[in-house]
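What's in upload-v1.txt: compact mmCIF, C-alpha atoms
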```
# COMPACT_ATOMS: atom_id res chain seq x y z
CA MET I 867 0.27 1.57 22.06
CA ASN I 868 3.93 1.26 23.04
CA VAL I 869 6.27 3.76 21.42
CA ILE I 870 10.01 4.21 20.93
CA ALA I 871 10.59 7.96 21.13
CA PRO I 872 13.14 9.85 19.02
CA MET I 873 16.56 10.58 20.55
CA ALA I 874 18.35 12.65 17.95
CA GLY I 875 20.33 10.51 15.51
CA ILE I 876 20.55 7.56 17.90
CA CYS I 877 17.12 6.41 16.75
CA ASP I 878 17.88 5.10 13.29
CA GLY I 879 16.75 1.85 11.71
CA GLU I 880 19.75 -0.17 12.86
CA PHE I 881 19.32 0.91 16.48
CA THR I 882 15.55 0.53 16.70
CA LYS I 883 14.92 -2.62 14.64
CA LYS I 884 15.38 -5.00 17.59
CA PHE I 885 12.48 -3.37 19.44
CA THR I 886 10.06 -4.73 16.84
CA LYS I 887 10.37 -7.97 18.84
CA GLU I 888 9.63 -6.29 22.19
CA ASN I 889 5.93 -5.43 22.10
CA VAL I 890 6.55 -2.08 20.44
CA ASP I 891 3.80 -0.68 18.23
CA MET I 892 5.40 2.53 16.96
CA ILE I 893 8.98 3.57 16.22
CA LEU I 894 9.77 7.25 15.78
CA LEU I 895 13.07 7.72 13.97
CA GLY I 896 15.18 10.79 14.47
CA GLY I 897 15.14 13.55 15.21
CA TYR I 898 16.61 14.60 11.92
CA ASN I 899 17.91 17.96 10.75
CA SER I 900 15.89 19.28 7.82
CA ASN I 901 17.85 22.35 6.75
CA LEU I 902 21.15 24.22 7.05
CA GLU I 903 20.14 25.98 10.26
CA THR I 904 19.33 22.79 12.15
CA PHE I 905 22.42 21.07 10.74
CA LYS I 906 24.65 23.87 12.01
CA ALA I 907 22.92 23.64 15.38
CA GLY I 908 23.65 19.91 15.38
CA LEU I 909 27.33 20.64 14.81
CA GLU I 910 27.27 22.95 17.82
CA ASN I 911 25.46 20.38 19.95
CA SER I 912 28.02 17.75 19.01
CA LYS I 913 30.74 19.74 20.77
CA ASN I 914 29.12 18.65 24.04
CA ASP I 915 29.64 14.96 23.27
CA ARG I 916 26.29 14.76 21.49
CA GLN I 917 27.46 13.16 18.26
CA GLU I 918 23.98 11.83 17.54
CA PHE I 919 22.90 15.30 16.40
CA LEU I 920 25.08 15.04 13.31
CA THR I 921 22.36 14.04 10.86
CA CYS I 922 22.69 15.67 7.47
CA PRO I 923 19.63 16.95 5.57
CA HIS I 924 21.30 16.16 2.25
CA HIS I 925 19.48 13.19 0.66
CA LEU I 926 17.35 12.88 3.81
CA SER I 927 14.36 11.57 1.85
CA ASP I 928 16.40 8.64 0.50
CA ASP I 929 18.01 8.08 3.89
CA ILE I 930 14.60 7.76 5.55
CA THR I 931 13.52 5.17 2.99
CA GLU I 932 16.69 3.21 3.74
CA GLN I 933 16.10 3.34 7.51
CA ILE I 934 12.53 2.12 7.11
CA GLU I 935 13.67 -0.74 4.90
CA ILE I 936 16.19 -1.82 7.57
CA ILE I 937 13.37 -2.17 10.09
CA ARG I 938 10.87 -3.85 7.77
CA GLU I 939 13.41 -6.32 6.40
CA TYR I 940 14.67 -7.22 9.87
CA ASN I 941 11.22 -8.27 11.03
CA PRO I 942 8.79 -8.68 8.10
CA SER I 943 6.05 -9.93 10.44
CA TRP I 944 6.02 -6.69 12.41
CA ASN I 945 3.16 -4.47 11.22
CA GLY I 946 3.84 -1.52 13.48
CA ILE I 947 3.96 2.19 12.70
CA ILE I 948 7.14 4.00 11.65
CA GLY I 949 7.40 7.76 11.97
CA VAL I 950 10.07 10.41 11.54
CA ASN I 951 10.76 13.24 13.99
CA LEU I 952 11.95 16.31 12.10
CA ARG I 953 13.67 19.47 13.34
CA GLY I 954 13.05 22.60 11.28
CA THR I 955 12.94 26.37 11.46
CA ASP I 956 10.32 27.25 8.85
CA VAL I 957 7.48 25.81 6.81
CA GLU I 958 9.70 24.80 3.91
CA SER I 959 12.01 22.73 6.11
CA PHE I 960 9.09 20.56 7.20
CA SER I 961 8.21 19.78 3.58
CA ILE I 962 11.42 17.90 2.84
CA LEU I 963 9.71 14.50 3.28
CA LYS I 964 6.32 15.28 1.75
CA ASN I 965 6.84 12.75 -1.04
CA ASN I 966 7.90 9.89 1.24
CA ASN I 967 5.01 7.46 0.96
CA ASP I 968 6.82 4.72 2.88
CA MET I 969 6.59 6.46 6.28
CA ASP I 970 3.44 6.38 8.39
CA VAL I 971 3.89 9.50 10.52
CA LEU I 972 5.73 12.80 10.40
CA GLU I 973 6.42 14.20 13.85
CA VAL I 974 6.99 17.94 14.13
CA ASN I 975 9.81 18.51 16.61
CA ALA I 976 8.71 21.24 19.03
CA HIS I 977 10.52 19.78 22.01
CA CYS I 978 14.32 19.80 21.59
CA ARG I 979 15.85 22.02 24.27
CA GLN I 980 19.56 22.01 23.37
CA GLU I 981 20.83 25.60 23.34
CA ALA I 982 22.03 25.62 19.74
CA THR I 983 18.77 24.10 18.49
CA VAL I 984 16.71 26.62 20.42
CA ASN I 985 18.87 29.53 19.26
CA CYS I 986 18.45 28.62 15.60
CA GLY I 987 14.67 28.73 15.94
CA ALA I 988 13.90 25.01 16.06
CA GLY I 989 12.75 22.60 18.76
CA GLU I 990 10.92 24.12 21.71
CA THR I 991 11.36 27.60 20.18
CA LEU I 992 8.36 26.77 17.99
CA LEU I 993 6.24 26.74 21.14
CA ARG I 994 7.04 30.45 21.58
CA ASN I 995 6.03 31.23 18.00
CA GLU I 996 2.43 30.07 17.65
CA SER I 997 2.05 31.80 14.30
CA LEU I 998 4.92 29.83 12.77
CA LEU I 999 3.76 26.61 14.40
CA SER I 1000 0.32 27.18 12.91
CA ASP I 1001 1.80 27.71 9.45
CA ILE I 1002 3.84 24.53 9.79
CA LEU I 1003 0.78 22.52 10.82
CA GLU I 1004 -1.22 24.04 7.98
CA GLU I 1005 1.40 22.71 5.56
CA VAL I 1006 2.21 19.28 6.98
CA THR I 1007 -1.41 18.28 7.37
CA THR I 1008 -1.63 18.31 3.56
CA HIS I 1009 1.06 15.62 3.35
CA PRO I 1010 0.24 11.94 2.70
CA TYR I 1011 0.94 10.60 6.20
CA ASP I 1012 -0.39 11.08 9.72
CA ILE I 1013 0.97 13.97 11.76
CA SER I 1014 2.33 13.98 15.29
CA VAL I 1015 3.52 17.02 17.22
CA LYS I 1016 6.00 16.45 20.01
CA ILE I 1017 5.97 19.25 22.56
CA ARG I 1018 7.78 19.90 25.81
CA ALA I 1019 5.65 20.80 28.81
CA ASN I 1020 6.47 23.55 31.30
CA VAL I 1021 8.65 25.63 28.98
CA ASP I 1022 9.33 29.16 30.22
CA CYS I 1023 6.95 31.76 28.76
CA VAL I 1024 4.82 29.05 27.13
CA ASN I 1025 1.28 28.09 28.09
CA THR I 1026 1.25 24.35 27.46
CA ILE I 1027 -2.54 24.17 27.45
CA SER I 1028 -2.73 26.97 24.88
CA ILE I 1029 -0.33 25.06 22.62
CA VAL I 1030 -2.45 21.92 22.92
CA GLU I 1031 -5.56 23.91 22.03
CA LEU I 1032 -3.78 25.25 18.95
CA ILE I 1033 -2.79 21.75 17.85
CA GLU I 1034 -6.33 20.58 18.51
CA SER I 1035 -7.58 22.82 15.71
CA TYR I 1036 -5.56 20.98 13.05
CA ASP I 1037 -5.84 17.53 11.48
CA VAL I 1038 -3.13 16.11 13.73
CA LYS I 1039 -3.42 12.50 14.93
CA TYR I 1040 -0.92 12.42 17.80
CA ILE I 1041 0.21 14.84 20.51
CA HIS I 1042 3.45 13.54 21.99
CA VAL I 1043 4.23 15.23 25.30
CA ASP I 1044 7.61 15.30 26.99
CA ALA I 1045 6.17 15.89 30.46
CA MET I 1046 9.33 17.41 31.87
CA LYS I 1047 9.07 19.71 34.86
CA PRO I 1048 12.17 21.58 36.09
CA GLY I 1049 13.13 20.60 39.59
CA ILE I 1050 11.49 17.21 39.72
CA MET I 1051 13.05 13.87 38.85
CA SER I 1052 10.00 12.27 37.30
CA ALA I 1053 7.37 13.08 34.71
CA ASP I 1054 4.79 15.77 35.38
CA TYR I 1055 1.81 13.43 35.48
CA ASP I 1056 -0.48 16.32 36.36
CA ILE I 1057 0.09 18.05 33.01
CA ILE I 1058 -0.58 14.76 31.21
CA ASN I 1059 -3.88 14.54 33.06
CA LYS I 1060 -4.81 18.13 32.19
CA ILE I 1061 -3.99 17.63 28.52
CA SER I 1062 -5.95 14.38 28.36
CA LYS I 1063 -9.07 16.23 29.44
CA ILE I 1064 -8.96 18.85 26.68
CA THR I 1065 -7.73 16.97 23.62
CA SER I 1066 -9.37 14.55 21.22
CA LYS I 1067 -5.98 13.61 19.77
CA HIS I 1068 -4.12 10.42 20.61
CA LEU I 1069 -1.95 11.44 23.56
CA ILE I 1070 1.50 9.88 23.91
CA GLY I 1071 3.08 10.42 27.32
CA ASN I 1072 6.85 10.67 27.63
CA ASN I 1073 9.55 11.48 30.20
CA SER I 1074 11.44 9.37 32.71
CA VAL I 1075 9.60 6.15 31.85
CA THR I 1076 12.11 3.53 32.97
CA SER I 1077 9.92 0.95 34.74
CA HIS I 1078 6.56 -0.75 34.36
CA GLU I 1079 5.32 1.30 37.29
CA ASP I 1080 6.17 4.52 35.41
CA TYR I 1081 4.42 3.12 32.36
CA GLU I 1082 1.24 2.32 34.29
CA LYS I 1083 1.24 5.69 36.01
CA MET I 1084 1.46 7.47 32.66
CA LEU I 1085 -1.57 5.55 31.40
CA GLU I 1086 -3.47 6.14 34.65
CA SER I 1087 -2.80 9.87 34.23
CA GLY I 1088 -4.65 9.91 30.92
CA ALA I 1089 -2.11 9.07 28.22
CA ASP I 1090 -3.40 6.84 25.42
CA SER I 1091 0.10 5.53 24.77
CA VAL I 1092 3.52 5.69 26.41
CA SER I 1093 6.91 6.31 24.84
CA VAL I 1094 10.40 5.52 26.09
CA ALA I 1095 13.66 7.09 24.99
CA ARG I 1096 16.78 6.89 27.17
CA ALA I 1097 15.62 3.54 28.56
CA THR I 1098 16.32 2.03 25.13
CA LEU I 1099 20.04 2.53 25.74
CA GLU I 1100 19.84 -0.41 28.15
CA GLY I 1101 19.19 -2.64 25.14
CA SER I 1102 15.73 -3.88 26.06
CA VAL I 1103 12.37 -2.32 26.97
CA SER I 1104 10.38 -5.51 27.58
CA HIS I 1105 10.41 -4.99 31.33
CA ILE I 1106 8.78 -1.57 30.86
CA PHE I 1107 6.00 -2.54 28.48
CA ASN I 1108 5.35 -6.04 29.75
CA GLY I 1109 6.03 -5.68 33.48
```
Could I get this structure in the form of structure tokens?
Amino acid sequence: MNVIAPMAGICDGEFTKKFTKENVDMILLGGYNSNLETFKAGLENSKNDRQEFLTCPHHLSDDITEQIEIIREYNPSWNGIIGVNLRGTDVESFSILKNNNDMDVLEVNAHCRQEATVNCGAGETLLRNESLLSDILEEVTTHPYDISVKIRANVDCVNTISIVELIESYDVKYIHVDAMKPGIMSADYDIINKISKITSKHLIGNNSVTSHEDYEKMLESGADSVSVARATLEGSVSHIFNG
């Protein structure tokens, strides 16, 4: 399965719709701010020329429906999966879309590393709070769509394997791994391989996938699917997924 990964507010329906004609099976919109704390963090992030973080939680449910319609109406023959990556700080913030029956997947954002996002308690901070992450998963797995959890590997003071084992105990369909490793300029394929050996979930590998060779290496390392993010800014991903 070929996946377009979330890149803050860049990944909306208008931006991603063209990839439905490029051998893409899943589009993950977002990430979106779900509450006041994550919205304020987005304002702070935007000061560093990151305007895409300025997504407002007000009317988010209706906004998501609109974004999904943009994609479906652009290419009615595309029968791929559409998900939403959501940033939140507590259980309640991840319930904002629980009545959205038009989306296929909710992705819990436990990967954003921007300072303001981390400081407000969202993104990769959830990896350091296993109790809260557990409570969030307990809640979202009662919602009417499949669940994905996007994590960042090799986070300080976090045992990535322990986090995967925690996720494994819930009715989650996808584990989406940003296989970043400080100090190296490519994905940490070793951690993808380790995770693949201990999880029964559908593993999506992500990080620095900009060529078909990267794509193949991610699959060879044990990922079930591969996602691309920054590479989408080039306007086309066909060369990555198709070789």
Quiz prompt | Which residue of I:Ile1041, I:Met1051, I:Leu902, I:Met1046 approaches Cys978 of chain I most closely, using all atoms listed in the file | solution = I:Met1046
Exercise. Tell me which protein, DNA and RNA residues are within 7 Å of segment 952-958 of chain I, counting only C-alpha atoms, leaving out same-chain ones fewer than 3 positions away, and put them as a PyMOL selection string.
Key: chain I and resi 896-901+904+961+973-975+987-989+1001-1002+1005
Grab the residues selected above and save them as a PDB file, in the coordinates of the input with C-alpha atoms.
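What follows is the written file selection.pdb:
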```
ATOM      1  CA  GLY I 896      15.180  10.790  14.470  1.00  0.00           C
ATOM      2  CA  GLY I 897      15.140  13.550  15.210  1.00  0.00           C
ATOM      3  CA  TYR I 898      16.610  14.600  11.920  1.00  0.00           C
ATOM      4  CA  ASN I 899      17.910  17.960  10.750  1.00  0.00           C
ATOM      5  CA  SER I 900      15.890  19.280   7.820  1.00  0.00           C
ATOM      6  CA  ASN I 901      17.850  22.350   6.750  1.00  0.00           C
ATOM      7  CA  THR I 904      19.330  22.790  12.150  1.00  0.00           C
ATOM      8  CA  SER I 961       8.210  19.780   3.580  1.00  0.00           C
ATOM      9  CA  GLU I 973       6.420  14.200  13.850  1.00  0.00           C
ATOM     10  CA  VAL I 974       6.990  17.940  14.130  1.00  0.00           C
ATOM     11  CA  ASN I 975       9.810  18.510  16.610  1.00  0.00           C
ATOM     12  CA  GLY I 987      14.670  28.730  15.940  1.00  0.00           C
ATOM     13  CA  ALA I 988      13.900  25.010  16.060  1.00  0.00           C
ATOM     14  CA  GLY I 989      12.750  22.600  18.760  1.00  0.00           C
ATOM     15  CA  ASP I1001       1.800  27.710   9.450  1.00  0.00           C
ATOM     16  CA  ILE I1002       3.840  24.530   9.790  1.00  0.00           C
ATOM     17  CA  GLU I1005       1.400  22.710   5.560  1.00  0.00           C
TER      18      GLU I1005
END
```
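When only C-alpha atoms are used to measure the gap to Ser1066 of chain I, the shortest distance among I:Ser959, I:Ser1091, I:Ser1035, I:Asn967 belongs to I:Ser1035.
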Practice problem: Quote the spacing between atom CA of Ser927 of chain I and atom CA of Ile1033 of chain I in Å to one decimal place. | Solution: 25.6 Å
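Proximity ranking of I:Asn1108, I:Val869, I:Ile947, I:Thr1026 relative to Val1092 of chain I places I:Val869 first, based on all atoms listed in the file.
Counting only C-alpha atoms and comparing I:Cys1023, I:Leu926, I:Ile937, I:Ile1106, the residue that lies closest to Gly879 of chain I is I:Ile937.
Restricting the calculation to only C-alpha atoms, the smallest distance between Asn868 of chain I and any of I:Val890, I:Met969, I:Lys964, I:Lys1083 is found for I:Val890.
Close contacts of His1105 of chain I, defined as residues with an atom at most 8 Å away when counting only C-alpha atoms, with chain neighbours fewer than 4 positions off set aside, comprise Ser1077, His1078 and Gly1109 of chain I.
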Practice problem: Show which residues sit within 9 Å of Tyr1055 of chain I, as a list in words. Count all atoms listed in the file, and ignore same-chain residues fewer than 2 positions away. | Solution: Ala1045, Ser1052, Ala1053, Ile1057, Ile1058, Asn1059, Lys1060, Gly1071, Lys1083, Met1084, Ser1087 and Gly1088 of chain I
Quiz item: Of the residues I:Ile936, I:Ile870, I:Val950, I:Leu993, which is the one nearest to Arg1018 of chain I, using all atoms listed in the file?
Solution: I:Leu993
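Residues lying at most 8 Å from (8.4, 2.4, 4.3) in file coordinates, with all atoms listed in the file considered, are Thr931, Ile934, Glu935, Arg938, Ile948, Asn967, Asp968, Met969 and Asp970 of chain I.
Using only C-alpha atoms, the protein and nucleic acid residues lying no more than 8 Å from Thr886 of chain I, apart from those fewer than 5 places from it along its own chain, are I:Asp891, I:Ile937, I:Asn941, I:Trp944, I:Gly946.
For the pair atom CA of Ile930 of chain I and atom CA of Lys883 of chain I, the interatomic distance is 13.8 Å.
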Self-check item: Pairwise distance for atom CA of Asp1022 of chain I and atom CA of Ser1074 of chain I, rounded to one decimal in Å
Solution: 20.1 Å
Calculate, to one decimal in Å, the centre and edge lengths of the box along x, y and z of the file that holds all listed atoms of segment 1012-1027 of chain I with 5 Å of margin on each side, and present them as JSON.
```
{"center_x": 3.4, "center_y": 21.4, "center_z": 20.5, "size_x": 21.9, "size_y": 30.7, "size_z": 31.6}
```
Quiz item: Can you list, as a ChimeraX atom specification, every protein, DNA or RNA residue that comes within 10 Å of Asn965 of chain I when you count all atoms listed in the file, leaving out same-chain residues fewer than 5 positions away?
Solution: /I:927,1009-1011
Any chance you could export the current selection's C-alpha atoms as a PDB file, keeping the file's coordinate frame?
```pdb
ATOM      1  CA  SER I 927      14.360  11.570   1.850  1.00  0.00           C
ATOM      2  CA  HIS I1009       1.060  15.620   3.350  1.00  0.00           C
ATOM      3  CA  PRO I1010       0.240  11.940   2.700  1.00  0.00           C
ATOM      4  CA  TYR I1011       0.940  10.600   6.200  1.00  0.00           C
TER       5      TYR I1011
END
```
Quiz prompt | Neighbours of point (-4.3, 14.3, 21.8) within 12 Å, using all atoms listed in the file, written as JSON, numbers by chain | solution = {"I": [1013, 1014, 1015, 1016, 1017, 1027, 1029, 1030, 1031, 1032, 1033, 1034, 1035, 1036, 1037, 1038, 1039, 1040, 1041, 1042, 1043, 1058, 1059, 1060, 1061, 1062, 1063, 1064, 1065, 1066, 1067, 1068, 1069, 1070, 1071, 1088, 1089, 1090, 1091]}
